[in-house]
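*Asks:* File final_39.txt below, compact mmCIF, N, CA and C atoms:
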```
# COMPACT_ATOMS: atom_id res chain seq x y z
N MET A 1 31.88 -4.55 -75.68
CA MET A 1 31.64 -3.30 -74.99
C MET A 1 30.98 -3.62 -73.65
N LYS A 2 31.49 -3.00 -72.60
CA LYS A 2 30.96 -3.26 -71.27
C LYS A 2 30.14 -2.06 -70.80
N TRP A 3 29.00 -2.35 -70.18
CA TRP A 3 28.09 -1.32 -69.69
C TRP A 3 28.42 -1.00 -68.23
N TYR A 4 28.63 0.28 -67.92
CA TYR A 4 28.96 0.73 -66.57
C TYR A 4 27.85 1.59 -65.96
N GLY A 5 26.64 1.41 -66.44
CA GLY A 5 25.51 2.24 -66.01
C GLY A 5 25.27 2.24 -64.51
N SER A 6 25.30 1.07 -63.90
CA SER A 6 25.03 1.02 -62.45
C SER A 6 26.16 1.68 -61.66
N GLN A 7 27.40 1.53 -62.13
CA GLN A 7 28.51 2.18 -61.44
C GLN A 7 28.42 3.70 -61.56
N VAL A 8 28.03 4.17 -62.73
CA VAL A 8 27.88 5.61 -62.94
C VAL A 8 26.75 6.14 -62.06
N LYS A 9 25.63 5.41 -62.02
CA LYS A 9 24.51 5.83 -61.17
C LYS A 9 24.92 5.89 -59.71
N ASN A 10 25.65 4.90 -59.25
CA ASN A 10 26.11 4.88 -57.85
C ASN A 10 27.01 6.07 -57.55
N LYS A 11 27.90 6.41 -58.49
CA LYS A 11 28.79 7.57 -58.29
C LYS A 11 28.00 8.88 -58.29
N LEU A 12 27.01 8.97 -59.17
CA LEU A 12 26.17 10.17 -59.20
C LEU A 12 25.36 10.30 -57.91
N ASP A 13 24.82 9.17 -57.44
CA ASP A 13 24.07 9.19 -56.17
C ASP A 13 24.97 9.63 -55.03
N LEU A 14 26.18 9.10 -54.97
CA LEU A 14 27.11 9.46 -53.90
C LEU A 14 27.48 10.94 -53.98
N ALA A 15 27.75 11.42 -55.18
CA ALA A 15 28.08 12.84 -55.34
C ALA A 15 26.89 13.72 -54.97
N SER A 16 25.69 13.30 -55.32
CA SER A 16 24.50 14.08 -54.99
C SER A 16 24.29 14.15 -53.48
N LEU A 17 24.38 13.01 -52.82
CA LEU A 17 24.19 13.00 -51.37
C LEU A 17 25.32 13.75 -50.68
N SER A 18 26.54 13.57 -51.14
CA SER A 18 27.67 14.31 -50.57
C SER A 18 27.50 15.81 -50.74
N GLY A 19 27.02 16.22 -51.91
CA GLY A 19 26.77 17.63 -52.16
C GLY A 19 25.67 18.19 -51.29
N LEU A 20 24.62 17.42 -51.11
CA LEU A 20 23.50 17.84 -50.27
C LEU A 20 23.95 17.99 -48.82
N VAL A 21 24.70 17.03 -48.32
CA VAL A 21 25.21 17.09 -46.95
C VAL A 21 26.16 18.27 -46.79
N ALA A 22 27.07 18.46 -47.74
CA ALA A 22 28.04 19.57 -47.66
C ALA A 22 27.31 20.91 -47.66
N ALA A 23 26.29 21.05 -48.49
CA ALA A 23 25.53 22.30 -48.54
C ALA A 23 24.76 22.51 -47.23
N ALA A 24 24.19 21.45 -46.69
CA ALA A 24 23.44 21.56 -45.42
C ALA A 24 24.37 21.96 -44.28
N ILE A 25 25.56 21.38 -44.22
CA ILE A 25 26.53 21.74 -43.18
C ILE A 25 26.96 23.19 -43.34
N THR A 26 27.15 23.61 -44.57
CA THR A 26 27.54 25.00 -44.83
C THR A 26 26.46 25.95 -44.35
N LEU A 27 25.20 25.65 -44.66
CA LEU A 27 24.10 26.51 -44.22
C LEU A 27 23.97 26.49 -42.70
N GLU A 28 24.12 25.33 -42.11
CA GLU A 28 24.08 25.22 -40.64
C GLU A 28 25.13 26.15 -40.02
N ASN A 29 26.35 26.12 -40.56
CA ASN A 29 27.43 26.98 -40.05
C ASN A 29 27.13 28.46 -40.24
N GLU A 30 26.53 28.81 -41.36
CA GLU A 30 26.18 30.22 -41.63
C GLU A 30 25.11 30.70 -40.66
N ILE A 31 24.15 29.85 -40.36
CA ILE A 31 23.10 30.22 -39.39
C ILE A 31 23.72 30.46 -38.02
N VAL A 32 24.59 29.57 -37.60
CA VAL A 32 25.25 29.71 -36.29
C VAL A 32 26.05 31.02 -36.24
N LYS A 33 26.76 31.34 -37.34
CA LYS A 33 27.51 32.60 -37.40
C LYS A 33 26.57 33.79 -37.24
N ASN A 34 25.42 33.73 -37.91
CA ASN A 34 24.45 34.82 -37.81
C ASN A 34 23.91 34.97 -36.39
N ILE A 35 23.62 33.86 -35.75
CA ILE A 35 23.09 33.91 -34.38
C ILE A 35 24.12 34.59 -33.47
N HIS A 36 25.38 34.20 -33.62
CA HIS A 36 26.43 34.84 -32.82
C HIS A 36 26.55 36.32 -33.18
N GLY A 37 26.53 36.61 -34.47
CA GLY A 37 26.68 38.00 -34.93
C GLY A 37 25.54 38.90 -34.51
N MET A 38 24.34 38.35 -34.40
CA MET A 38 23.17 39.14 -33.99
C MET A 38 23.00 39.19 -32.48
N GLY A 39 23.85 38.46 -31.77
CA GLY A 39 23.75 38.46 -30.31
C GLY A 39 22.48 37.81 -29.79
N ILE A 40 22.04 36.75 -30.44
CA ILE A 40 20.79 36.09 -30.05
C ILE A 40 21.06 34.97 -29.05
N ILE A 41 22.14 35.04 -28.33
CA ILE A 41 22.47 33.95 -27.41
C ILE A 41 22.16 34.38 -25.99
N ASP A 42 21.33 33.59 -25.33
CA ASP A 42 21.02 33.81 -23.93
C ASP A 42 21.53 32.59 -23.15
N THR A 43 20.87 31.46 -23.36
CA THR A 43 21.30 30.24 -22.67
C THR A 43 22.16 29.36 -23.58
N GLY A 44 22.13 29.60 -24.88
CA GLY A 44 22.86 28.77 -25.83
C GLY A 44 22.01 27.66 -26.42
N ARG A 45 20.79 27.51 -25.92
CA ARG A 45 19.92 26.43 -26.41
C ARG A 45 19.57 26.61 -27.89
N TYR A 46 19.23 27.84 -28.27
CA TYR A 46 18.85 28.11 -29.66
C TYR A 46 20.00 27.80 -30.61
N VAL A 47 21.16 28.39 -30.36
CA VAL A 47 22.30 28.19 -31.25
C VAL A 47 22.72 26.72 -31.26
N GLY A 48 22.61 26.06 -30.12
CA GLY A 48 22.98 24.65 -30.04
C GLY A 48 21.99 23.71 -30.70
N SER A 49 20.80 24.22 -30.99
CA SER A 49 19.77 23.37 -31.60
C SER A 49 19.80 23.39 -33.12
N ILE A 50 20.60 24.26 -33.71
CA ILE A 50 20.67 24.33 -35.18
C ILE A 50 21.30 23.03 -35.68
N THR A 51 20.59 22.37 -36.57
CA THR A 51 21.05 21.07 -37.05
C THR A 51 20.57 20.85 -38.48
N TYR A 52 21.02 19.78 -39.08
CA TYR A 52 20.59 19.47 -40.44
C TYR A 52 20.24 17.98 -40.54
N ARG A 53 19.53 17.68 -41.59
CA ARG A 53 19.22 16.30 -41.94
C ARG A 53 19.10 16.27 -43.45
N ALA A 54 19.81 15.37 -44.10
CA ALA A 54 19.77 15.24 -45.55
C ALA A 54 19.20 13.88 -45.90
N TYR A 55 18.39 13.83 -46.93
CA TYR A 55 17.71 12.60 -47.32
C TYR A 55 17.95 12.27 -48.79
N LYS A 56 18.24 11.02 -49.04
CA LYS A 56 18.24 10.46 -50.39
C LYS A 56 17.11 9.45 -50.38
N GLU A 57 16.02 9.87 -50.91
CA GLU A 57 14.79 9.08 -50.84
C GLU A 57 14.49 8.80 -49.37
N LYS A 58 14.51 7.58 -48.90
CA LYS A 58 14.14 7.31 -47.52
C LYS A 58 15.33 7.13 -46.59
N ASP A 59 16.55 7.27 -47.11
CA ASP A 59 17.75 7.12 -46.28
C ASP A 59 18.18 8.48 -45.75
N ALA A 60 18.37 8.59 -44.46
CA ALA A 60 18.74 9.86 -43.85
C ALA A 60 20.21 9.87 -43.50
N VAL A 61 20.83 11.03 -43.69
CA VAL A 61 22.21 11.26 -43.31
C VAL A 61 22.24 12.62 -42.63
N GLY A 62 22.94 12.73 -41.51
CA GLY A 62 23.05 14.05 -40.94
C GLY A 62 23.40 14.07 -39.49
N SER A 63 23.31 15.26 -38.95
CA SER A 63 23.57 15.43 -37.54
C SER A 63 22.41 14.82 -36.76
N PRO A 64 22.49 14.76 -35.46
CA PRO A 64 21.53 13.97 -34.71
C PRO A 64 20.12 14.55 -34.62
N ALA A 65 19.59 15.04 -35.72
CA ALA A 65 18.20 15.49 -35.74
C ALA A 65 17.29 14.27 -35.68
N GLN A 66 16.19 14.40 -35.01
CA GLN A 66 15.24 13.31 -34.85
C GLN A 66 13.87 13.77 -35.33
N ALA A 67 12.92 12.86 -35.41
CA ALA A 67 11.57 13.22 -35.81
C ALA A 67 11.00 14.28 -34.87
N SER A 68 11.41 14.23 -33.61
CA SER A 68 10.93 15.22 -32.64
C SER A 68 11.46 16.62 -32.93
N ASP A 69 12.40 16.73 -33.85
CA ASP A 69 12.94 18.04 -34.21
C ASP A 69 12.05 18.79 -35.18
N GLY A 70 10.91 18.23 -35.50
CA GLY A 70 9.97 18.93 -36.35
C GLY A 70 9.89 18.39 -37.76
N VAL A 71 10.71 17.43 -38.13
CA VAL A 71 10.60 16.82 -39.44
C VAL A 71 9.47 15.80 -39.34
N GLN A 72 8.35 16.12 -39.96
CA GLN A 72 7.15 15.32 -39.77
C GLN A 72 7.14 14.02 -40.55
N SER A 73 7.77 14.01 -41.70
CA SER A 73 7.79 12.78 -42.49
C SER A 73 9.11 12.69 -43.23
N ILE A 74 9.46 11.49 -43.59
CA ILE A 74 10.69 11.29 -44.36
C ILE A 74 10.34 11.50 -45.83
N PRO A 75 11.03 12.40 -46.49
CA PRO A 75 10.70 12.69 -47.89
C PRO A 75 10.99 11.52 -48.81
N SER A 76 10.36 11.52 -49.95
CA SER A 76 10.57 10.46 -50.92
C SER A 76 11.49 10.93 -52.05
N LYS A 77 12.22 12.00 -51.84
CA LYS A 77 13.15 12.52 -52.84
C LYS A 77 14.38 13.06 -52.13
N TRP A 78 15.27 13.66 -52.87
CA TRP A 78 16.50 14.24 -52.31
C TRP A 78 16.16 15.58 -51.68
N GLU A 79 16.36 15.70 -50.38
CA GLU A 79 16.08 16.96 -49.68
C GLU A 79 17.00 17.10 -48.48
N ALA A 80 17.17 18.34 -48.06
CA ALA A 80 17.88 18.60 -46.80
C ALA A 80 17.07 19.61 -46.01
N PHE A 81 17.04 19.42 -44.72
CA PHE A 81 16.39 20.34 -43.80
C PHE A 81 17.46 20.89 -42.88
N VAL A 82 17.46 22.21 -42.71
CA VAL A 82 18.39 22.85 -41.79
C VAL A 82 17.56 23.79 -40.93
N GLY A 83 17.70 23.69 -39.63
CA GLY A 83 16.92 24.57 -38.76
C GLY A 83 17.01 24.15 -37.31
N THR A 84 15.94 24.42 -36.60
CA THR A 84 15.89 24.20 -35.16
C THR A 84 14.53 23.67 -34.75
N ASN A 85 14.48 23.07 -33.59
CA ASN A 85 13.20 22.60 -33.07
C ASN A 85 12.77 23.36 -31.83
N VAL A 86 13.50 24.39 -31.43
CA VAL A 86 13.09 25.12 -30.23
C VAL A 86 11.79 25.88 -30.50
N SER A 87 10.90 25.83 -29.55
CA SER A 87 9.55 26.37 -29.75
C SER A 87 9.54 27.89 -29.95
N TYR A 88 10.53 28.58 -29.44
CA TYR A 88 10.53 30.04 -29.53
C TYR A 88 11.28 30.56 -30.75
N ALA A 89 11.80 29.68 -31.59
CA ALA A 89 12.55 30.11 -32.78
C ALA A 89 11.76 31.04 -33.69
N PRO A 90 10.47 30.77 -33.98
CA PRO A 90 9.73 31.69 -34.84
C PRO A 90 9.64 33.11 -34.26
N TYR A 91 9.58 33.21 -32.92
CA TYR A 91 9.50 34.53 -32.29
C TYR A 91 10.81 35.29 -32.45
N LEU A 92 11.92 34.56 -32.42
CA LEU A 92 13.21 35.20 -32.66
C LEU A 92 13.34 35.59 -34.14
N GLU A 93 12.97 34.68 -35.01
CA GLU A 93 13.14 34.88 -36.45
C GLU A 93 12.23 36.00 -36.98
N TYR A 94 10.98 36.06 -36.52
CA TYR A 94 10.00 37.00 -37.08
C TYR A 94 9.64 38.15 -36.14
N GLY A 95 10.10 38.08 -34.89
CA GLY A 95 9.77 39.12 -33.92
C GLY A 95 8.43 38.83 -33.25
N ALA A 96 8.29 39.31 -32.02
CA ALA A 96 7.04 39.14 -31.28
C ALA A 96 7.09 39.99 -30.02
N GLY A 97 5.91 40.35 -29.54
CA GLY A 97 5.82 41.08 -28.28
C GLY A 97 6.60 42.38 -28.28
N GLY A 98 6.61 43.06 -29.40
CA GLY A 98 7.34 44.32 -29.50
C GLY A 98 8.83 44.17 -29.76
N ARG A 99 9.30 42.93 -29.80
CA ARG A 99 10.71 42.69 -30.12
C ARG A 99 10.88 42.60 -31.63
N PRO A 100 11.95 43.16 -32.13
CA PRO A 100 12.16 43.15 -33.59
C PRO A 100 12.57 41.75 -34.08
N PRO A 101 12.30 41.48 -35.34
CA PRO A 101 12.74 40.19 -35.90
C PRO A 101 14.25 40.12 -35.98
N ARG A 102 14.79 38.92 -35.76
CA ARG A 102 16.22 38.67 -35.92
C ARG A 102 16.35 37.43 -36.80
N PRO A 103 16.25 37.66 -38.11
CA PRO A 103 16.14 36.55 -39.08
C PRO A 103 17.46 35.83 -39.38
N ALA A 104 18.01 35.15 -38.40
CA ALA A 104 19.29 34.46 -38.59
C ALA A 104 19.20 33.38 -39.64
N ILE A 105 18.11 32.63 -39.66
CA ILE A 105 17.97 31.51 -40.60
C ILE A 105 17.73 32.02 -42.01
N ARG A 106 16.75 32.92 -42.17
CA ARG A 106 16.44 33.45 -43.51
C ARG A 106 17.62 34.21 -44.08
N LYS A 107 18.29 35.00 -43.26
CA LYS A 107 19.45 35.77 -43.72
C LYS A 107 20.55 34.84 -44.21
N ALA A 108 20.83 33.81 -43.44
CA ALA A 108 21.88 32.85 -43.84
C ALA A 108 21.53 32.21 -45.18
N PHE A 109 20.29 31.80 -45.35
CA PHE A 109 19.90 31.17 -46.60
C PHE A 109 19.99 32.16 -47.76
N ASP A 110 19.42 33.34 -47.58
CA ASP A 110 19.42 34.34 -48.66
C ASP A 110 20.83 34.75 -49.07
N GLU A 111 21.71 34.90 -48.10
CA GLU A 111 23.07 35.37 -48.39
C GLU A 111 24.01 34.26 -48.83
N SER A 112 23.61 33.01 -48.67
CA SER A 112 24.51 31.89 -48.96
C SER A 112 24.12 31.07 -50.18
N LYS A 113 23.11 31.46 -50.90
CA LYS A 113 22.63 30.64 -52.03
C LYS A 113 23.75 30.29 -53.00
N GLY A 114 24.52 31.28 -53.41
CA GLY A 114 25.61 31.02 -54.35
C GLY A 114 26.66 30.08 -53.76
N LYS A 115 26.98 30.29 -52.50
CA LYS A 115 27.96 29.45 -51.82
C LYS A 115 27.44 28.01 -51.71
N LEU A 116 26.16 27.86 -51.42
CA LEU A 116 25.57 26.52 -51.29
C LEU A 116 25.61 25.77 -52.62
N ILE A 117 25.31 26.47 -53.69
CA ILE A 117 25.36 25.85 -55.03
C ILE A 117 26.78 25.44 -55.36
N SER A 118 27.74 26.30 -55.03
CA SER A 118 29.14 26.00 -55.29
C SER A 118 29.61 24.79 -54.49
N VAL A 119 29.26 24.73 -53.21
CA VAL A 119 29.64 23.61 -52.34
C VAL A 119 29.03 22.31 -52.89
N PHE A 120 27.78 22.38 -53.29
CA PHE A 120 27.11 21.20 -53.86
C PHE A 120 27.82 20.76 -55.14
N SER A 121 28.09 21.70 -56.01
CA SER A 121 28.70 21.39 -57.31
C SER A 121 30.10 20.81 -57.19
N ARG A 122 30.85 21.24 -56.19
CA ARG A 122 32.22 20.74 -56.02
C ARG A 122 32.25 19.22 -55.81
N GLN A 123 31.19 18.67 -55.25
CA GLN A 123 31.16 17.22 -55.03
C GLN A 123 31.17 16.47 -56.36
N PHE A 124 30.58 17.05 -57.38
CA PHE A 124 30.60 16.43 -58.71
C PHE A 124 31.97 16.58 -59.36
N ALA A 125 32.61 17.70 -59.11
CA ALA A 125 33.94 17.93 -59.66
C ALA A 125 34.94 16.92 -59.09
N LYS A 126 34.72 16.49 -57.84
CA LYS A 126 35.61 15.51 -57.20
C LYS A 126 35.41 14.11 -57.77
N MET A 127 34.27 13.90 -58.41
CA MET A 127 33.92 12.56 -58.89
C MET A 127 34.62 12.29 -60.23
N ALA A 128 35.21 11.14 -60.34
CA ALA A 128 35.83 10.73 -61.61
C ALA A 128 35.07 9.53 -62.13
N ILE A 129 34.50 9.71 -63.29
CA ILE A 129 33.74 8.60 -63.90
C ILE A 129 34.61 7.97 -64.97
```
The structure in this file should be written as structure tokens.

*Replies:*
Amino acid sequence: MKWYGSQVKNKLDLASLSGLVAAAITLENEIVKNIHGMGIIDTGRYVGSITYRAYKEKDAVGSPAQASDGVQSIPSKWEAFVGTNVSYAPYLEYGAGGRPPRPAIRKAFDESKGKLISVFSRQFAKMAI
């Protein structure tokens, strides 16, 4: 009998990271759609700054987000961050100075939870052990 434990673990790790990246890209796209739909575009800087970063322990995969984008430390577990580093994003998201909130990020996350789970899960369905 031959043991395939390490091969199975490698396939599970790949499916997990692929699922995390696919879900992060999906959320990134939903946020961009919301920004366009809410008319929050002035210079394009905000919409252009939406990015993601996915982590498998200390290895990062993702769009060109950098530490300067607000990710303070590299996580020690599987995580994905989707958002922006523009300083005025909280004012757009939560409102300020008499301007109403335009929650493009929160709305995308709240409305896409089921889709994100489905996108993540499909990566496991593609895997053949």

*Asks:* Using only C-alpha atoms, I'd like a table of the residues in segment 83-106 of chain A that come within 9 Å of segment 48-55 of chain A; for each, show the closest atom pair and its distance in Å rounded to one decimal, ordered by chain and ascending number, as a tab-separated table.

*Replies:*
```
residue	atom	partner	partner_atom	distance
A:Gly83	CA	A:Ile50	CA	5.2
A:Thr84	CA	A:Ile50	CA	4.8
A:Asn85	CA	A:Ser49	CA	6.8
A:Val86	CA	A:Ser49	CA	7.0
```

*Asks:* Okay, now the selection with N, CA and C atoms, as a CSV table (one decimal), in the frame of the given file?

*Replies:*
```csv
chain,number,residue,atom,x,y,z
A,83,GLY,N,17.7,23.7,-39.6
A,83,GLY,CA,16.9,24.6,-38.8
A,83,GLY,C,17.0,24.2,-37.3
A,84,THR,N,15.9,24.4,-36.6
A,84,THR,CA,15.9,24.2,-35.2
A,84,THR,C,14.5,23.7,-34.8
A,85,ASN,N,14.5,23.1,-33.6
A,85,ASN,CA,13.2,22.6,-33.1
A,85,ASN,C,12.8,23.4,-31.8
A,86,VAL,N,13.5,24.4,-31.4
A,86,VAL,CA,13.1,25.1,-30.2
A,86,VAL,C,11.8,25.9,-30.5
```

*Asks:* From the list A:Gly37, A:Pro101, A:Arg45, A:Val119, which residue is nearest Val21 of chain A when using all atoms listed in the file?

*Replies:* A:Val119

*Asks:* Quick one: distance from atom N of Lys2 of chain A to atom C of Met127 of chain A in Å, one decimal?

*Replies:* 19.9 Å

*Asks:* How many Å separate atom CA of Lys113 of chain A from atom CA of Ala125 of chain A?

*Replies:* 18.6 Å

*Asks:* Report as a VMD selection string: the residues of chain A with a DSSP assignment of alpha helix (DSSP H), based on the backbone of this structure.

*Replies:* chain A and resid 5 to 38 45 to 49 89 to 94 104 to 125

*Asks:* Could you work out how far atom CA of Ala104 of chain A lies from atom CA of Lys33 of chain A, giving the answer in Å with one decimal?

*Replies:* 8.5 Å

*Asks:* Tell me which protein, DNA and RNA residues are within 8 Å of Leu92 of chain A, counting only N, CA and C atoms, leaving out same-chain ones fewer than 6 positions away, and put them as a VMD selection string.

*Replies:* chain A and resid 99 to 105

*Asks:* Measuring between all atoms listed in the file, which one of A:Lys126, A:Phe120, A:Ile41, A:Tyr4 shows the shortest distance to Ala22 of chain A?

*Replies:*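 Checking each candidate against Ala22 of chain A, we get A:Phe120 as the closest.
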
*Asks:* For Lys107 of chain A, which residue among A:Tyr94, A:Tyr46, A:Tyr88, A:Phe124 is the nearest when counting only C-alpha atoms?

*Replies:* A:Tyr94

*Asks:* With all atoms listed in the file as the counted atoms, please give the residues lying no more than 7 Å from Gly19 of chain A, apart from itself and same-chain residues fewer than 4 positions off, as a list of chain:residue names.

*Replies:*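 Neighbouring residues, sequence-local ones excluded: A:Leu14, A:Ala15, A:Ala23, A:Ala24, A:Val119, A:Phe120, A:Ser121, A:Arg122, A:Gln123, A:Phe124.
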
*Asks:* DSSP on the backbone: which residues in chain A end up as strand (DSSP E or B)? Give the answer as a PyMOL selection string.

*Replies:* chain A and resi 51-56+59-62+79-83+96+99
